[in-house]
Amino acid sequence: MVEFRNVMKKYSNGTVALKGVNLRINKGEFVFIVGSSGSGKSTLMKMVLKEENPTEGDVYVNGYHVSSMDRRQVPYLRRSLGTVFQDFRLLPNKTVYENVAFAMQITEALPKEIRRQVPMSLALVGLSKKANVYPNQLSGGEQQRVAIARALVNNPALLIADEPTGNLDPENSWEIMKLLSEVNHRGTTVIIATHEKIIVDTMKKRVVAIDKGIIVRDQQKGLYGDEDKDCKIYN
């Protein structure tokens with residue numbers, strides 16, 4: 001599903017963000033990517049989305065050789081991905097239904113497909129009754145649910161969430177994580193970048209920790225035990 005082979009990224013200002021990263025995420029996995037600011041975590045996530053290219057090495061995502069693909073192929077790659085961001089990125093002048101439908105419209109989906117898929121996606125996130133309201137009429141947790149519905153409406157093989165609970169209170173954060181776990185149980189591969197140590201430890205999923213451009217831990221369940229509870233990768 002996702003594979004990094006000896007990936008190095010050096011920016012034009014001389015900053016080396018990734019140093020020989022090797023990583024494989026299989027279909028159906030739920031993976032947390034953790035790391036402090038400047039660790040290389042954001043660069044790694046951007047490479048999955050083809051927003052950044054490696055200086056050296058190869059990146060493969062959902063069957064695409066991302067690091068060498070033609071620009072014309074990028075929209076096809078991104079149609080197979082769903083993305084959720086910390087700041088929701090909803091269109092304020094569109095209703096909940098219209099925000100989710102827009103994700104299908106840009107892929108040139110047929111109107112009948114939109115009419116079928118959007119209600120299903122809203123039902124999945126528990127917002128069927130909010131279809132005709134606007135984002136500013138929703139709570140933060142509800143806005144993030146709309147963002148998740150939008151990310152899922154095209155049935156992506158891979159869902160990428162960048163700090164999806166960063167602007168939410170603890171109660172809403174857990175509701176969002178439960179929802180993403182359900183999405184994973186339905187077969188979608190889920191990759192989440194987060195600083196939320198309590199969430200990571202409690203959910204007992206695979207954790208990939210990156211520090212100074214290097215993967216320093218890759219564990220299948222939980223994290224590190226009491227002696228590492230203040231580990232710098234979360235700070």
# chains A, B, ... in the order shown; residues from 1 in each chain; ligands from 1
call {"tool": "residues_around", "arguments": {"residues": "stretch 110-120 of chain A", "least_positions_apart": "2", "cutoff": "10 Å", "atoms": "only C-alpha atoms", "output": "ChimeraX atom specification"}}
result
/A:96-105,107-108,122-129,131,149-150,152-155
call {"tool": "select_by_dssp", "arguments": {"residues": "stretch 55-206 of chain A", "states": "alpha helix (DSSP H)", "output": "ChimeraX atom specification"}}
result
/A:74-79,96-105,111-124,140-152,170-185,197-203
call {"tool": "write_last_selection", "arguments": {"atoms": "C-alpha atoms", "output": "JSON list (two decimals), in the first residue's frame"}}
result
[["chain", "number", "residue", "atom", "x", "y", "z"],
["A", 74, "VAL", "CA", -1.15, 12.85, -9.79],
["A", 75, "PRO", "CA", -4.95, 13.44, -9.86],
["A", 76, "TYR", "CA", -5.49, 9.70, -10.32],
["A", 77, "LEU", "CA", -3.28, 8.96, -7.32],
["A", 78, "ARG", "CA", -5.11, 11.47, -5.15],
["A", 79, "ARG", "CA", -8.51, 10.08, -6.13],
["A", 96, "VAL", "CA", -22.59, 19.99, 4.78],
["A", 97, "TYR", "CA", -24.08, 18.04, 1.85],
["A", 98, "GLU", "CA", -22.46, 20.38, -0.69],
["A", 99, "ASN", "CA", -19.05, 20.15, 1.01],
["A", 100, "VAL", "CA", -19.07, 16.38, 0.76],
["A", 101, "ALA", "CA", -20.54, 16.37, -2.75],
["A", 102, "PHE", "CA", -17.80, 18.74, -3.92],
["A", 103, "ALA", "CA", -15.21, 16.01, -3.39],
["A", 104, "MET", "CA", -17.09, 13.89, -5.92],
["A", 105, "GLN", "CA", -17.77, 16.72, -8.34],
["A", 111, "PRO", "CA", -25.00, 13.25, -10.38],
["A", 112, "LYS", "CA", -26.76, 9.97, -9.58],
["A", 113, "GLU", "CA", -23.56, 8.64, -7.98],
["A", 114, "ILE", "CA", -23.31, 11.79, -5.89],
["A", 115, "ARG", "CA", -26.92, 11.48, -4.77],
["A", 116, "ARG", "CA", -26.23, 7.91, -3.68],
["A", 117, "GLN", "CA", -22.82, 8.28, -2.08],
["A", 118, "VAL", "CA", -23.11, 11.53, -0.14],
["A", 119, "PRO", "CA", -26.01, 10.41, 2.11],
["A", 120, "MET", "CA", -24.18, 7.14, 2.78],
["A", 121, "SER", "CA", -21.01, 8.99, 3.75],
["A", 122, "LEU", "CA", -22.91, 11.38, 6.05],
["A", 123, "ALA", "CA", -24.71, 8.46, 7.67],
["A", 124, "LEU", "CA", -21.38, 6.78, 8.38],
["A", 140, "GLY", "CA", -15.64, 21.52, 15.99],
["A", 141, "GLY", "CA", -16.20, 17.79, 16.34],
["A", 142, "GLU", "CA", -19.05, 17.90, 13.82],
["A", 143, "GLN", "CA", -16.94, 19.90, 11.37],
["A", 144, "GLN", "CA", -14.23, 17.25, 11.58],
["A", 145, "ARG", "CA", -16.86, 14.58, 10.93],
["A", 146, "VAL", "CA", -17.85, 16.43, 7.77],
["A", 147, "ALA", "CA", -14.20, 16.48, 6.74],
["A", 148, "ILE", "CA", -14.02, 12.72, 7.29],
["A", 149, "ALA", "CA", -17.22, 12.16, 5.31],
["A", 150, "ARG", "CA", -15.71, 14.20, 2.47],
["A", 151, "ALA", "CA", -12.51, 12.15, 2.63],
["A", 152, "LEU", "CA", -14.45, 8.88, 2.46],
["A", 170, "PRO", "CA", -10.71, 15.36, 24.58],
["A", 171, "GLU", "CA", -14.28, 14.07, 24.25],
["A", 172, "ASN", "CA", -14.55, 14.98, 20.57],
["A", 173, "SER", "CA", -11.03, 13.69, 19.96],
["A", 174, "TRP", "CA", -12.02, 10.24, 21.16],
["A", 175, "GLU", "CA", -15.17, 10.27, 19.06],
["A", 176, "ILE", "CA", -13.12, 11.07, 15.96],
["A", 177, "MET", "CA", -10.60, 8.33, 16.74],
["A", 178, "LYS", "CA", -13.40, 5.79, 17.24],
["A", 179, "LEU", "CA", -14.79, 6.81, 13.87],
["A", 180, "LEU", "CA", -11.43, 6.42, 12.16],
["A", 181, "SER", "CA", -11.02, 3.02, 13.80],
["A", 182, "GLU", "CA", -14.41, 1.98, 12.40],
["A", 183, "VAL", "CA", -13.34, 3.19, 8.97],
["A", 184, "ASN", "CA", -10.26, 0.98, 9.28],
["A", 185, "HIS", "CA", -12.36, -2.02, 10.31],
["A", 197, "LYS", "CA", 0.33, 10.36, 23.18],
["A", 198, "ILE", "CA", -2.66, 9.28, 25.28],
["A", 199, "ILE", "CA", -4.63, 8.40, 22.16],
["A", 200, "VAL", "CA", -1.71, 6.51, 20.64],
["A", 201, "ASP", "CA", -1.02, 4.51, 23.78],
["A", 202, "THR", "CA", -4.67, 3.69, 24.42],
["A", 203, "MET", "CA", -5.54, 2.54, 20.91]]
call {"tool": "select_by_dssp", "arguments": {"residues": "stretch 38-184 of chain A", "states": "strand (DSSP E)", "output": "list of chain:residue names"}}
result
A:Glu56, A:Gly57, A:Asp58, A:Val59, A:Tyr60, A:Val61, A:Tyr64, A:His65, A:Leu81, A:Gly82, A:Thr83, A:Val84, A:Phe85, A:Leu158, A:Leu159, A:Ile160, A:Ala161, A:Asp162
call {"tool": "residues_around", "arguments": {"residues": "A:His65", "least_positions_apart": "2", "cutoff": "12 Å", "atoms": "only C-alpha atoms", "output": "PyMOL selection string"}}
result
chain A and resi 1-5+47-50+53-54+57-63+67-71+73-74+77
call {"tool": "closest_residue", "arguments": {"among": "A:Leu158, A:Val16, A:Ala209, A:Ile192", "to": "A:Gly28", "atoms": "only C-alpha atoms"}}
result
A:Leu158
call {"tool": "closest_residue", "arguments": {"among": "A:Leu159, A:Leu90, A:Val216, A:Val21", "to": "A:Thr55", "atoms": "only C-alpha atoms"}}
result
A:Val21
